[in-house]
Amino acid sequence: MTELVKKGSKMILTVGGEPYVALAGEVHNSDSSSPEYMEKIWKIADDLGMNTLILPVTWEMVEPEEGTFDFSVPKTLIEQARAWNKKIIFLWFGSWKNAEMMYAPAWVKTDLERFSRAQIVKGMNKAGRTISPSIPYKMPYTTISYLCAEAMRADAKAFARLMQFIKEVDEKENTVIAVQVENETGLLGAAREQSDLADELFASDVPEEFVSYMRAHTETMVPDVKKAVEEGAAAGNWEAVFGPCAEEIFSAYHISRFVEFVASSGKAVYPLPMLVNCWLDKGGEPGSYPSGGPVSRMHEVWSYGAPSIDAFCPDIYVPNFLGICDEYTRRGMPLVIPEAATHAYAAPRMVYTVGHHHAVCYSPFGFDDIGKPFTAMQGYLFGMDVSDPALKTPQSYEEYGKTGHYLQQLMPLIKPALGTNRLDAAVGEEGQMKVMMMDHLIVAATFKTPMQPRTDGYLLCVQTGENECYLLGNASGFSLQSMDPAKPNLDLLLVEEGKFDENGKWIAGRRLNGDETASPSFDQPGIRRVQYFCYL
Ligand code: DGJ
């Protein structure tokens, strides 16, 4: 089946026992509601070399009336994916979408008694809207309460039916390889809910088992959470135990338990890998980003609260893309990026995440925007930093497509190297030069040199034999050195341009030597087959 397994130093995805790397794209929120609209989107995905699409399935569409289910749209999407020879990661827009309840069905939204809304200030009405105009916080949609057991049960029922449907139509073919449960959970506007029930729970004792878990897992915590846990009481109410982090931890505890209930109900029916994505905290207070969502600072809480979730995944629209990748992998989780910017170095970042982090999934969001100019509206929607220098380097559609297709060609070589040091990659964002220490081999990638002035370069190396490697590069120079002290010198024997045909056979182009290997480089996306010789 489809599962996440440990291979060497990494967690990788296997489908039917074979490693699988999702070179994915997430569609705009509304596209997958219409299979007809999707026809042109599948075509774009194919052009861009994508093998997987992340597609929303919405609660409001599959359960328009309570207990009445309609899976005709996801069924057609699965058929389309098969026709295009692609995989799907379904994205369950249930109780949460961007920390709100946009996709809950009308029968949930309109029953304010049964499905209580998050109250973040005393004086909010039942719909979660502020009564007093002096309180500035107001959202166009409101948020379900994470303490609402009725919503949790109703959501879980619908999600389990979705998983049942996927199992029935797809258990043999594995077109659907994973499911993202909810979207960007959390609470906006405050660090925790402030209803009477929330106040009462917050003033009660923290469950003992959870306190012990947190105290046993301080090593991986971010500094302020670690300090709060270490300095907090060993028992008592949330404030006593978690001090300044109590409100966010309270939210994360309850949201992760809610999501666990939904995810485990689905997994019990059909155990696909399950993911949650997060709206990143950008240094602000909890509530300025969705408080209680699976941001890195709450990973220990989420690991306790939602053990059925296999990966906590960052939606990355910030300039510090590389730092976020490090942060989300440092606890040993696989790297799954369900959303990344379409403008900022989209292709180099795909190569980097696959080559360096051996990512399970990399997926630009609203990928049909690749190649289009960056707009102020996107800046607003994605919360992007408009001074990000990457935005000045728009991603070309053609280069993304070439990069995706070349990566797919290299997959038969990449797959056996996952989890080993025979696969690595570097990007221009890392600086002028990056040295990759591989298996007896040093590969130096150079960017932004007089010969390669661009900053959007990448270089991926996969070693295929004792004296052979393949490089995928763009806008970068490269050089190889031996790492073997017994044979410290290295000569190049063969540098060949080329590509793999559909049967995986190498089709050589020019054999490069002389001036072309004096200072070898890539000025457009391409593959090189390299053979070398190490000696004393
Ligand atoms: C992040 C969300 O997860 C996406 O569904 C989408 O709303 C983007 N933000 C912004 O368009």
# chains A, B, ... in the order shown; residues from 1 in each chain; ligands from 1
>>> closest_atom_pairs(of="chain A", to="ligand 1", cutoff="6 Å", atoms="only C-alpha atoms and all ligand atoms", output="Markdown table")
| residue | atom | partner | partner_atom_place_in_ligand_line | distance |
| --- | --- | --- | --- | --- |
| A:Asn29 | CA | ligand 1 | 5 (O) | 5.7 |
| A:Asn98 | CA | ligand 1 | 2 (C) | 5.7 |
| A:Asn183 | CA | ligand 1 | 3 (O) | 5.8 |
| A:Glu184 | CA | ligand 1 | 3 (O) | 5.7 |
| A:Leu381 | CA | ligand 1 | 10 (C) | 4.8 |
| A:Phe382 | CA | ligand 1 | 10 (C) | 4.8 |
>>> select_by_dssp(residues="stretch 264-353 of chain A", states="strand (DSSP E or B)", output="ChimeraX atom specification")
/A:274-279,286,289,291,311-316,336-340
>>> residues_around(residues="A:Glu398", least_positions_apart="2", cutoff="9 Å", atoms="only C-alpha atoms", output="VMD selection string")
chain A and resid 47 to 48 371 395 to 396 400 to 403
>>> write_last_selection(atoms="C-alpha atoms", output="mmCIF file, in the first residue's frame")
data_model
loop_
_atom_site.group_PDB
_atom_site.id
_atom_site.type_symbol
_atom_site.label_atom_id
_atom_site.label_comp_id
_atom_site.auth_asym_id
_atom_site.auth_seq_id
_atom_site.Cartn_x
_atom_site.Cartn_y
_atom_site.Cartn_z
ATOM 1 C CA ASP A 47 3.495 20.523 -19.089
ATOM 2 C CA LEU A 48 5.193 21.401 -15.822
ATOM 3 C CA GLY A 371 5.272 32.114 -15.282
ATOM 4 C CA GLN A 395 9.831 31.625 -12.311
ATOM 5 C CA SER A 396 9.711 30.874 -16.028
ATOM 6 C CA TYR A 400 9.889 24.817 -14.432
ATOM 7 C CA GLY A 401 8.574 22.346 -16.987
ATOM 8 C CA LYS A 402 12.028 21.317 -18.141
ATOM 9 C CA THR A 403 13.188 20.925 -14.561
#
>>> select_by_dssp(residues="stretch 361-405 of chain A", states="alpha helix (DSSP H)", output="ChimeraX atom specification")
/A:376-382,397-405
>>> residues_around(residues="A:Gln531", least_positions_apart="2", cutoff="7 Å", atoms="only C-alpha atoms", output="PyMOL selection string")
chain A and resi 467-469+492-495+529
>>> write_last_selection(atoms="all heavy atoms", output="PDB file, in the first residue's frame")
ATOM      1  N   ASN A 467      32.386   5.444  -9.790  1.00  0.00           N
ATOM      2  CA  ASN A 467      33.031   6.543 -10.511  1.00  0.00           C
ATOM      3  C   ASN A 467      32.083   7.231 -11.493  1.00  0.00           C
ATOM      4  O   ASN A 467      32.495   7.678 -12.552  1.00  0.00           O
ATOM      5  CB  ASN A 467      34.251   6.023 -11.287  1.00  0.00           C
ATOM      6  CG  ASN A 467      35.353   5.618 -10.341  1.00  0.00           C
ATOM      7  OD1 ASN A 467      35.714   6.384  -9.450  1.00  0.00           O
ATOM      8  ND2 ASN A 467      35.858   4.409 -10.499  1.00  0.00           N
ATOM      9  N   GLU A 468      30.814   7.278 -11.121  1.00  0.00           N
ATOM     10  CA  GLU A 468      29.846   7.859 -12.049  1.00  0.00           C
ATOM     11  C   GLU A 468      28.770   8.622 -11.286  1.00  0.00           C
ATOM     12  O   GLU A 468      28.339   8.201 -10.210  1.00  0.00           O
ATOM     13  CB  GLU A 468      29.180   6.758 -12.880  1.00  0.00           C
ATOM     14  CG  GLU A 468      28.231   7.320 -13.935  1.00  0.00           C
ATOM     15  CD  GLU A 468      27.470   6.223 -14.669  1.00  0.00           C
ATOM     16  OE1 GLU A 468      26.611   5.574 -14.042  1.00  0.00           O
ATOM     17  OE2 GLU A 468      27.740   6.028 -15.870  1.00  0.00           O
ATOM     18  N   CYS A 469      28.370   9.738 -11.829  1.00  0.00           N
ATOM     19  CA  CYS A 469      27.219  10.456 -11.272  1.00  0.00           C
ATOM     20  C   CYS A 469      26.472  11.155 -12.399  1.00  0.00           C
ATOM     21  O   CYS A 469      26.994  11.312 -13.511  1.00  0.00           O
ATOM     22  CB  CYS A 469      27.658  11.463 -10.203  1.00  0.00           C
ATOM     23  SG  CYS A 469      28.696  12.790 -10.814  1.00  0.00           S
ATOM     24  N   LEU A 492      38.366  14.009 -14.900  1.00  0.00           N
ATOM     25  CA  LEU A 492      37.105  13.713 -15.581  1.00  0.00           C
ATOM     26  C   LEU A 492      37.394  12.798 -16.765  1.00  0.00           C
ATOM     27  O   LEU A 492      38.363  13.010 -17.502  1.00  0.00           O
ATOM     28  CB  LEU A 492      36.461  14.999 -16.087  1.00  0.00           C
ATOM     29  CG  LEU A 492      35.945  15.962 -15.010  1.00  0.00           C
ATOM     30  CD1 LEU A 492      35.469  17.262 -15.649  1.00  0.00           C
ATOM     31  CD2 LEU A 492      34.838  15.325 -14.192  1.00  0.00           C
ATOM     32  N   LEU A 493      36.599  11.771 -16.950  1.00  0.00           N
ATOM     33  CA  LEU A 493      36.782  10.866 -18.096  1.00  0.00           C
ATOM     34  C   LEU A 493      35.705  11.082 -19.146  1.00  0.00           C
ATOM     35  O   LEU A 493      35.934  10.883 -20.337  1.00  0.00           O
ATOM     36  CB  LEU A 493      36.737   9.403 -17.630  1.00  0.00           C
ATOM     37  CG  LEU A 493      37.784   8.990 -16.596  1.00  0.00           C
ATOM     38  CD1 LEU A 493      37.596   7.529 -16.210  1.00  0.00           C
ATOM     39  CD2 LEU A 493      39.203   9.225 -17.136  1.00  0.00           C
ATOM     40  N   LEU A 494      34.507  11.453 -18.675  1.00  0.00           N
ATOM     41  CA  LEU A 494      33.386  11.614 -19.609  1.00  0.00           C
ATOM     42  C   LEU A 494      32.407  12.634 -19.054  1.00  0.00           C
ATOM     43  O   LEU A 494      32.025  12.553 -17.884  1.00  0.00           O
ATOM     44  CB  LEU A 494      32.659  10.264 -19.757  1.00  0.00           C
ATOM     45  CG  LEU A 494      31.359  10.296 -20.562  1.00  0.00           C
ATOM     46  CD1 LEU A 494      31.657  10.188 -22.052  1.00  0.00           C
ATOM     47  CD2 LEU A 494      30.432   9.163 -20.135  1.00  0.00           C
ATOM     48  N   VAL A 495      32.068  13.616 -19.858  1.00  0.00           N
ATOM     49  CA  VAL A 495      30.981  14.534 -19.499  1.00  0.00           C
ATOM     50  C   VAL A 495      30.070  14.592 -20.721  1.00  0.00           C
ATOM     51  O   VAL A 495      30.483  15.034 -21.792  1.00  0.00           O
ATOM     52  CB  VAL A 495      31.498  15.945 -19.153  1.00  0.00           C
ATOM     53  CG1 VAL A 495      30.335  16.860 -18.772  1.00  0.00           C
ATOM     54  CG2 VAL A 495      32.525  15.899 -18.034  1.00  0.00           C
ATOM     55  N   ARG A 529      25.837  13.405 -17.753  1.00  0.00           N
ATOM     56  CA  ARG A 529      26.356  12.141 -17.218  1.00  0.00           C
ATOM     57  C   ARG A 529      27.860  12.337 -17.069  1.00  0.00           C
ATOM     58  O   ARG A 529      28.521  12.777 -18.019  1.00  0.00           O
ATOM     59  CB  ARG A 529      26.058  11.041 -18.217  1.00  0.00           C
ATOM     60  CG  ARG A 529      26.594   9.702 -17.834  1.00  0.00           C
ATOM     61  CD  ARG A 529      26.313   8.749 -18.978  1.00  0.00           C
ATOM     62  NE  ARG A 529      26.793   7.422 -18.685  1.00  0.00           N
ATOM     63  CZ  ARG A 529      27.112   6.552 -19.614  1.00  0.00           C
ATOM     64  NH1 ARG A 529      26.994   6.875 -20.898  1.00  0.00           N
ATOM     65  NH2 ARG A 529      27.545   5.364 -19.288  1.00  0.00           N
TER      66      ARG A 529
END
>>> residues_around(residues="A:Gly8", least_positions_apart="2", cutoff="10 Å", atoms="only C-alpha atoms", output="ChimeraX atom specification")
/A:5-6,10-12,417-421
>>> residues_around(residues="stretch 318-325 of chain A", least_positions_apart="6", cutoff="7 Å", atoms="only C-alpha atoms", output="PDB file with all heavy atoms, in the first residue's frame")
ATOM      1  N   MET A 384       2.744  37.398   1.735  1.00  0.00           N
ATOM      2  CA  MET A 384       4.153  37.385   1.334  1.00  0.00           C
ATOM      3  C   MET A 384       4.846  38.696   1.654  1.00  0.00           C
ATOM      4  O   MET A 384       4.224  39.757   1.665  1.00  0.00           O
ATOM      5  CB  MET A 384       4.266  37.104  -0.166  1.00  0.00           C
ATOM      6  CG  MET A 384       4.144  35.635  -0.451  1.00  0.00           C
ATOM      7  SD  MET A 384       3.913  35.307  -2.168  1.00  0.00           S
ATOM      8  CE  MET A 384       5.549  35.065  -2.703  1.00  0.00           C
ATOM      9  N   ASP A 385       6.134  38.592   1.865  1.00  0.00           N
ATOM     10  CA  ASP A 385       6.953  39.762   2.108  1.00  0.00           C
ATOM     11  C   ASP A 385       7.307  40.341   0.730  1.00  0.00           C
ATOM     12  O   ASP A 385       8.098  39.757  -0.006  1.00  0.00           O
ATOM     13  CB  ASP A 385       8.206  39.300   2.871  1.00  0.00           C
ATOM     14  CG  ASP A 385       9.200  40.404   3.083  1.00  0.00           C
ATOM     15  OD1 ASP A 385       9.008  41.500   2.529  1.00  0.00           O
ATOM     16  OD2 ASP A 385      10.181  40.155   3.804  1.00  0.00           O
ATOM     17  N   ASP A 388      10.797  40.613  -0.625  1.00  0.00           N
ATOM     18  CA  ASP A 388      11.550  39.377  -0.877  1.00  0.00           C
ATOM     19  C   ASP A 388      12.254  39.471  -2.238  1.00  0.00           C
ATOM     20  O   ASP A 388      11.595  39.581  -3.275  1.00  0.00           O
ATOM     21  CB  ASP A 388      10.555  38.209  -0.866  1.00  0.00           C
ATOM     22  CG  ASP A 388      11.209  36.852  -1.115  1.00  0.00           C
ATOM     23  OD1 ASP A 388      12.413  36.825  -1.418  1.00  0.00           O
ATOM     24  OD2 ASP A 388      10.500  35.839  -1.019  1.00  0.00           O
TER      25      ASP A 388
END
>>> residues_around(residues="A:Thr52", least_positions_apart="5", cutoff="6 Å", atoms="only C-alpha atoms", output="ChimeraX atom specification")
/A:22,24,86-88
>>> write_last_selection(atoms="N, CA and C atoms", output="tab-separated table (two decimals), in the first residue's frame")
chain	number	residue	atom	x	y	z
A	22	ALA	N	6.68	12.92	-4.78
A	22	ALA	CA	5.59	13.70	-5.40
A	22	ALA	C	6.11	15.05	-5.88
A	24	ALA	N	4.71	17.72	-7.08
A	24	ALA	CA	3.28	18.01	-7.08
A	24	ALA	C	2.96	19.46	-7.36
A	86	LYS	N	-1.33	10.37	-13.35
A	86	LYS	CA	-0.87	11.14	-12.18
A	86	LYS	C	-1.48	10.57	-10.90
A	87	LYS	N	-0.88	10.95	-9.78
A	87	LYS	CA	-1.40	10.58	-8.47
A	87	LYS	C	-2.10	11.80	-7.86
A	88	ILE	N	-2.88	11.51	-6.82
A	88	ILE	CA	-3.62	12.59	-6.12
A	88	ILE	C	-3.31	12.56	-4.63
>>> closest_residue(among="A:Leu162, A:Met483, A:Leu391, A:Ile54", to="A:Ala376", atoms="only C-alpha atoms")
A:Leu391
>>> closest_atom_pairs(of="stretch 390-451 of chain A", to="stretch 500-507 of chain A", cutoff="12 Å", atoms="only C-alpha atoms", output="Markdown table")
| residue | atom | partner | partner_atom | distance |
| --- | --- | --- | --- | --- |
| A:His405 | CA | A:Phe500 | CA | 10.1 |
| A:Tyr406 | CA | A:Phe500 | CA | 8.3 |
| A:Leu407 | CA | A:Phe500 | CA | 10.4 |
| A:Gln408 | CA | A:Phe500 | CA | 9.5 |
| A:Gln409 | CA | A:Phe500 | CA | 5.8 |
| A:Leu410 | CA | A:Phe500 | CA | 7.7 |
| A:Met411 | CA | A:Gly504 | CA | 9.5 |
| A:Pro412 | CA | A:Gly504 | CA | 7.7 |
| A:Leu413 | CA | A:Gly504 | CA | 9.7 |
>>> write_last_selection(atoms="N, CA and C atoms", output="CSV table (one decimal), in the first residue's frame")
chain,number,residue,atom,x,y,z
A,405,HIS,N,10.4,17.7,-15.8
A,405,HIS,CA,10.5,16.6,-16.7
A,405,HIS,C,11.9,15.9,-16.5
A,406,TYR,N,13.0,16.7,-16.3
A,406,TYR,CA,14.3,16.1,-16.1
A,406,TYR,C,14.3,15.3,-14.8
A,407,LEU,N,13.7,15.9,-13.8
A,407,LEU,CA,13.7,15.2,-12.5
A,407,LEU,C,12.9,13.9,-12.6
A,408,GLN,N,11.8,13.9,-13.4
A,408,GLN,CA,11.1,12.6,-13.6
A,408,GLN,C,12.0,11.6,-14.3
A,409,GLN,N,12.7,12.1,-15.3
A,409,GLN,CA,13.6,11.2,-16.0
A,409,GLN,C,14.7,10.6,-15.1
A,410,LEU,N,15.1,11.4,-14.1
A,410,LEU,CA,16.2,10.9,-13.2
A,410,LEU,C,15.6,10.0,-12.0
A,411,MET,N,14.3,10.0,-11.9
A,411,MET,CA,13.7,9.3,-10.8
A,411,MET,C,14.2,7.8,-10.6
A,412,PRO,N,14.4,7.0,-11.7
A,412,PRO,CA,14.9,5.7,-11.4
A,412,PRO,C,16.3,5.7,-10.8
A,413,LEU,N,17.0,6.8,-11.0
A,413,LEU,CA,18.3,6.8,-10.3
A,413,LEU,C,18.2,7.4,-8.9
>>> closest_residue(among="A:Gly305, A:Pro35, A:Pro19, A:Pro56", to="A:Val73", atoms="only C-alpha atoms")
A:Pro35
